[in-house]
Amino acid sequence: MLRLSALYRYPLKSGKGEILQQIGLDKLGLDGDRRWMLVDEASGRFLTQRAVAKMSQLSALWNAAGGLTLSAPGHAPIDIALPASEAELRGVTIWRDTLRVPDAGDAAGAWVSEFIGKPTRLVQVPLDRARTTQAGYGKDDDQVAFADGFPLLLIGQASLDDLSEKVGRPMEMLRFRPNLVIEGADAFAEDGWKRIRIGEVEFRVVKPCSRCILTTIDPQTGERNADREPFATLQKYRSEADGAMFGQNLVNDGNGRLEVGMPVTILE
């Protein structure tokens, strides 16, 4: 029997993940997932662990008021309110997309600038300012917040176990930043899925996930693995034309709630 064995949310793009037992869904995936992002103040370009590895040590927890609580080693925590409807809009760039989204204000900007070490701003994306997903995949009206390309990422537990065996040591699931982990299927069974249902919510499996050097950052310490694992092993046995694939990108059709332990049904 297939079941949902873990749920993760990342309120801040490239910040630490939250382990959840249950969560709601909206049009952009898990409630509150990757709705906040750090950008270079001058260029508006998005910042991630690819360039700023210590972002792995930046804790960003969704708070009850819909805002964000930021904390990091050596930095006092700060509570940041959800930007008001009249908040200043800032032009930002994430991959090939440019958009205008609310800025979280000067206090938040000062805090993240001190942490990053250069002028940085914190921005948030409301539902009505979301991007469309990568062209050529899914439906024309599919949308995404600040995740790289799609609202949700699924990984099979057996796929991680297979990779860990090939690397020769256990690999943490959080290296791959999934939202949904499924157990009970064979390794890489998710590669063949097109539609699934978890609880009452249906999901379309739209595209495999191409991995990068980000997977070599230890989620506990923020240090890069000198041996480039597990990326080096993925390149050896999971390479396709678009890169080393691990996990599947999903779009949810409709809202609802998810809870760890729910059965998973393969529809197609």
# chains A, B, ... in the order shown; residues from 1 in each chain; ligands from 1
$ select_by_dssp --residues "range 2-206 of chain A" --states "strand (DSSP E or B)" --output "ChimeraX atom specification"
/A:3-9,12,18-20,22-26,29-30,36-40,45-46,59-62,68-72,75-80,89-94,97-103,120-124,131-132,143-144,152-156,180-183,195-198,201-206
$ select_by_dssp --residues "range 18-221 of chain A" --states "alpha helix (DSSP H)" --output "compact mmCIF listing (two decimals) with C-alpha atoms, in the first residue's frame"
# COMPACT_ATOMS: atom_id res chain seq x y z
CA ASP A 106 13.02 48.16 5.94
CA ALA A 107 13.28 46.28 9.26
CA ALA A 108 13.15 42.97 7.41
CA GLY A 109 15.57 44.32 4.82
CA ALA A 110 18.10 45.35 7.48
CA TRP A 111 17.91 41.94 9.17
CA VAL A 112 18.41 39.91 5.98
CA SER A 113 21.14 42.29 4.74
CA GLU A 114 23.11 41.71 7.94
CA PHE A 115 22.68 37.95 7.61
CA ILE A 116 23.60 37.78 3.90
CA GLN A 157 11.35 6.96 -0.12
CA ALA A 158 12.62 3.89 -1.99
CA SER A 159 14.28 6.18 -4.55
CA LEU A 160 16.26 7.90 -1.79
CA ASP A 161 17.15 4.52 -0.28
CA ASP A 162 18.44 3.37 -3.67
CA LEU A 163 20.55 6.51 -4.05
CA SER A 164 21.94 6.21 -0.51
CA GLU A 165 22.98 2.62 -1.21
CA LYS A 166 24.83 3.68 -4.36
CA VAL A 167 26.54 6.63 -2.60
$ residues_around --residues "Ala130 in chain A" --least-positions-apart "5" --cutoff "12 Å" --atoms "only C-alpha atoms" --output "count of residues only"
25
$ closest_residue --among "A:Leu234, A:Val205, A:Met245, A:Ile217" --to "Glu268 in chain A" --atoms "only C-alpha atoms"
A:Val205
$ closest_residue --among "A:Leu68, A:Ile198, A:Ala104, A:Leu38" --to "Ala84 in chain A" --atoms "only C-alpha atoms"
A:Ala104
$ residues_around --residues "Ile196 in chain A" --least-positions-apart "4" --cutoff "7 Å" --atoms "only C-alpha atoms" --output "PyMOL selection string"
chain A and resi 202-204+264-268
$ decode --residues "range 36-154 of chain A" --atoms "C-alpha atoms" --output "PDB file, in the first residue's frame"
ATOM      1  CA  TRP A  36       8.838  34.515   0.526  1.00  0.00           C
ATOM      2  CA  MET A  37      12.186  35.109  -1.176  1.00  0.00           C
ATOM      3  CA  LEU A  38      15.432  37.027  -0.703  1.00  0.00           C
ATOM      4  CA  VAL A  39      16.597  39.244  -3.558  1.00  0.00           C
ATOM      5  CA  ASP A  40      19.667  41.363  -4.212  1.00  0.00           C
ATOM      6  CA  GLU A  41      18.622  44.938  -3.417  1.00  0.00           C
ATOM      7  CA  ALA A  42      20.289  46.463  -6.472  1.00  0.00           C
ATOM      8  CA  SER A  43      19.330  43.968  -9.167  1.00  0.00           C
ATOM      9  CA  GLY A  44      16.217  42.297  -7.738  1.00  0.00           C
ATOM     10  CA  ARG A  45      17.779  38.934  -8.635  1.00  0.00           C
ATOM     11  CA  PHE A  46      16.724  36.042  -6.407  1.00  0.00           C
ATOM     12  CA  LEU A  47      19.157  34.531  -3.891  1.00  0.00           C
ATOM     13  CA  THR A  48      19.461  30.833  -3.071  1.00  0.00           C
ATOM     14  CA  GLN A  49      21.841  28.374  -1.447  1.00  0.00           C
ATOM     15  CA  ARG A  50      23.464  27.845  -4.843  1.00  0.00           C
ATOM     16  CA  ALA A  51      25.302  31.146  -4.358  1.00  0.00           C
ATOM     17  CA  VAL A  52      24.795  31.695  -0.601  1.00  0.00           C
ATOM     18  CA  ALA A  53      25.315  28.307   1.077  1.00  0.00           C
ATOM     19  CA  LYS A  54      24.666  29.663   4.586  1.00  0.00           C
ATOM     20  CA  MET A  55      21.024  30.223   3.639  1.00  0.00           C
ATOM     21  CA  SER A  56      20.654  26.556   4.642  1.00  0.00           C
ATOM     22  CA  GLN A  57      21.038  27.808   8.236  1.00  0.00           C
ATOM     23  CA  LEU A  58      18.323  30.451   7.879  1.00  0.00           C
ATOM     24  CA  SER A  59      15.154  29.328   9.645  1.00  0.00           C
ATOM     25  CA  ALA A  60      11.969  30.869   8.281  1.00  0.00           C
ATOM     26  CA  LEU A  61       8.828  29.667  10.032  1.00  0.00           C
ATOM     27  CA  TRP A  62       5.311  30.535   8.938  1.00  0.00           C
ATOM     28  CA  ASN A  63       3.566  32.185  11.883  1.00  0.00           C
ATOM     29  CA  ALA A  64      -0.074  32.221  12.888  1.00  0.00           C
ATOM     30  CA  ALA A  65      -0.641  35.734  11.525  1.00  0.00           C
ATOM     31  CA  GLY A  66       0.434  34.657   8.047  1.00  0.00           C
ATOM     32  CA  GLY A  67       3.789  36.369   8.383  1.00  0.00           C
ATOM     33  CA  LEU A  68       7.278  34.986   8.829  1.00  0.00           C
ATOM     34  CA  THR A  69       9.616  34.491  11.792  1.00  0.00           C
ATOM     35  CA  LEU A  70      13.281  34.557  10.751  1.00  0.00           C
ATOM     36  CA  SER A  71      16.115  33.257  12.906  1.00  0.00           C
ATOM     37  CA  ALA A  72      19.725  32.169  12.371  1.00  0.00           C
ATOM     38  CA  PRO A  73      22.764  31.336  14.521  1.00  0.00           C
ATOM     39  CA  GLY A  74      24.133  34.556  15.998  1.00  0.00           C
ATOM     40  CA  HIS A  75      21.081  36.619  14.989  1.00  0.00           C
ATOM     41  CA  ALA A  76      18.114  37.532  17.188  1.00  0.00           C
ATOM     42  CA  PRO A  77      14.793  36.281  15.745  1.00  0.00           C
ATOM     43  CA  ILE A  78      12.545  38.769  13.964  1.00  0.00           C
ATOM     44  CA  ASP A  79       8.797  38.572  13.300  1.00  0.00           C
ATOM     45  CA  ILE A  80       7.797  39.942   9.915  1.00  0.00           C
ATOM     46  CA  ALA A  81       4.222  40.820   9.092  1.00  0.00           C
ATOM     47  CA  LEU A  82       2.523  39.845   5.868  1.00  0.00           C
ATOM     48  CA  PRO A  83       2.883  42.936   3.634  1.00  0.00           C
ATOM     49  CA  ALA A  84      -0.239  45.094   3.530  1.00  0.00           C
ATOM     50  CA  SER A  85      -2.168  45.505   0.294  1.00  0.00           C
ATOM     51  CA  GLU A  86      -0.639  48.973  -0.169  1.00  0.00           C
ATOM     52  CA  ALA A  87       2.950  47.774   0.438  1.00  0.00           C
ATOM     53  CA  GLU A  88       5.659  48.958  -1.952  1.00  0.00           C
ATOM     54  CA  LEU A  89       6.067  46.677  -4.954  1.00  0.00           C
ATOM     55  CA  ARG A  90       9.569  45.611  -5.933  1.00  0.00           C
ATOM     56  CA  GLY A  91      10.623  44.306  -9.330  1.00  0.00           C
ATOM     57  CA  VAL A  92      12.293  40.916  -8.944  1.00  0.00           C
ATOM     58  CA  THR A  93      13.775  38.281 -11.231  1.00  0.00           C
ATOM     59  CA  ILE A  94      13.585  34.531 -10.635  1.00  0.00           C
ATOM     60  CA  TRP A  95      15.128  32.486 -13.430  1.00  0.00           C
ATOM     61  CA  ARG A  96      13.523  33.843 -16.621  1.00  0.00           C
ATOM     62  CA  ASP A  97      10.544  35.408 -14.890  1.00  0.00           C
ATOM     63  CA  THR A  98      10.252  39.046 -13.880  1.00  0.00           C
ATOM     64  CA  LEU A  99       7.423  40.223 -11.653  1.00  0.00           C
ATOM     65  CA  ARG A 100       6.468  42.902  -9.153  1.00  0.00           C
ATOM     66  CA  VAL A 101       5.726  41.724  -5.631  1.00  0.00           C
ATOM     67  CA  PRO A 102       5.302  43.300  -2.171  1.00  0.00           C
ATOM     68  CA  ASP A 103       8.460  44.224  -0.231  1.00  0.00           C
ATOM     69  CA  ALA A 104       8.481  43.215   3.457  1.00  0.00           C
ATOM     70  CA  GLY A 105       9.834  46.578   4.636  1.00  0.00           C
ATOM     71  CA  ASP A 106      13.024  48.163   5.941  1.00  0.00           C
ATOM     72  CA  ALA A 107      13.279  46.284   9.259  1.00  0.00           C
ATOM     73  CA  ALA A 108      13.149  42.971   7.414  1.00  0.00           C
ATOM     74  CA  GLY A 109      15.566  44.321   4.820  1.00  0.00           C
ATOM     75  CA  ALA A 110      18.098  45.350   7.481  1.00  0.00           C
ATOM     76  CA  TRP A 111      17.914  41.942   9.165  1.00  0.00           C
ATOM     77  CA  VAL A 112      18.413  39.910   5.979  1.00  0.00           C
ATOM     78  CA  SER A 113      21.135  42.285   4.738  1.00  0.00           C
ATOM     79  CA  GLU A 114      23.107  41.711   7.938  1.00  0.00           C
ATOM     80  CA  PHE A 115      22.683  37.949   7.614  1.00  0.00           C
ATOM     81  CA  ILE A 116      23.598  37.775   3.904  1.00  0.00           C
ATOM     82  CA  GLY A 117      26.392  40.354   4.179  1.00  0.00           C
ATOM     83  CA  LYS A 118      25.226  42.676   1.415  1.00  0.00           C
ATOM     84  CA  PRO A 119      22.146  44.838   0.682  1.00  0.00           C
ATOM     85  CA  THR A 120      19.243  42.391   0.435  1.00  0.00           C
ATOM     86  CA  ARG A 121      15.451  42.632   0.486  1.00  0.00           C
ATOM     87  CA  LEU A 122      12.738  40.201   1.549  1.00  0.00           C
ATOM     88  CA  VAL A 123       9.693  39.920  -0.731  1.00  0.00           C
ATOM     89  CA  GLN A 124       6.427  37.990  -0.631  1.00  0.00           C
ATOM     90  CA  VAL A 125       4.134  36.769  -3.392  1.00  0.00           C
ATOM     91  CA  PRO A 126       0.331  36.940  -2.968  1.00  0.00           C
ATOM     92  CA  LEU A 127      -1.928  34.644  -4.961  1.00  0.00           C
ATOM     93  CA  ASP A 128      -2.837  37.331  -7.474  1.00  0.00           C
ATOM     94  CA  ARG A 129       0.816  38.014  -8.406  1.00  0.00           C
ATOM     95  CA  ALA A 130       2.015  34.429  -8.892  1.00  0.00           C
ATOM     96  CA  ARG A 131       3.966  33.259 -11.938  1.00  0.00           C
ATOM     97  CA  THR A 132       2.777  30.736 -14.494  1.00  0.00           C
ATOM     98  CA  THR A 133       4.572  27.388 -14.535  1.00  0.00           C
ATOM     99  CA  GLN A 134       7.233  26.396 -17.052  1.00  0.00           C
ATOM    100  CA  ALA A 135       5.872  26.576 -20.584  1.00  0.00           C
ATOM    101  CA  GLY A 136       5.235  23.276 -22.323  1.00  0.00           C
ATOM    102  CA  TYR A 137       4.309  21.406 -19.141  1.00  0.00           C
ATOM    103  CA  GLY A 138       0.946  21.188 -17.447  1.00  0.00           C
ATOM    104  CA  LYS A 139      -1.884  23.596 -18.261  1.00  0.00           C
ATOM    105  CA  ASP A 140      -1.687  27.216 -19.353  1.00  0.00           C
ATOM    106  CA  ASP A 141      -3.282  28.472 -16.119  1.00  0.00           C
ATOM    107  CA  ASP A 142      -1.054  26.464 -13.735  1.00  0.00           C
ATOM    108  CA  GLN A 143       0.677  28.829 -11.331  1.00  0.00           C
ATOM    109  CA  VAL A 144       3.619  28.750  -8.922  1.00  0.00           C
ATOM    110  CA  ALA A 145       4.919  31.008  -6.145  1.00  0.00           C
ATOM    111  CA  PHE A 146       8.725  31.224  -5.732  1.00  0.00           C
ATOM    112  CA  ALA A 147       9.503  27.526  -6.229  1.00  0.00           C
ATOM    113  CA  ASP A 148      11.862  26.984  -9.183  1.00  0.00           C
ATOM    114  CA  GLY A 149       9.250  25.821 -11.670  1.00  0.00           C
ATOM    115  CA  PHE A 150       6.248  24.014 -10.206  1.00  0.00           C
ATOM    116  CA  PRO A 151       4.140  24.085  -7.019  1.00  0.00           C
ATOM    117  CA  LEU A 152       5.081  20.678  -5.574  1.00  0.00           C
ATOM    118  CA  LEU A 153       7.908  18.153  -5.578  1.00  0.00           C
ATOM    119  CA  LEU A 154       7.386  14.457  -4.832  1.00  0.00           C
TER     120      LEU A 154
END
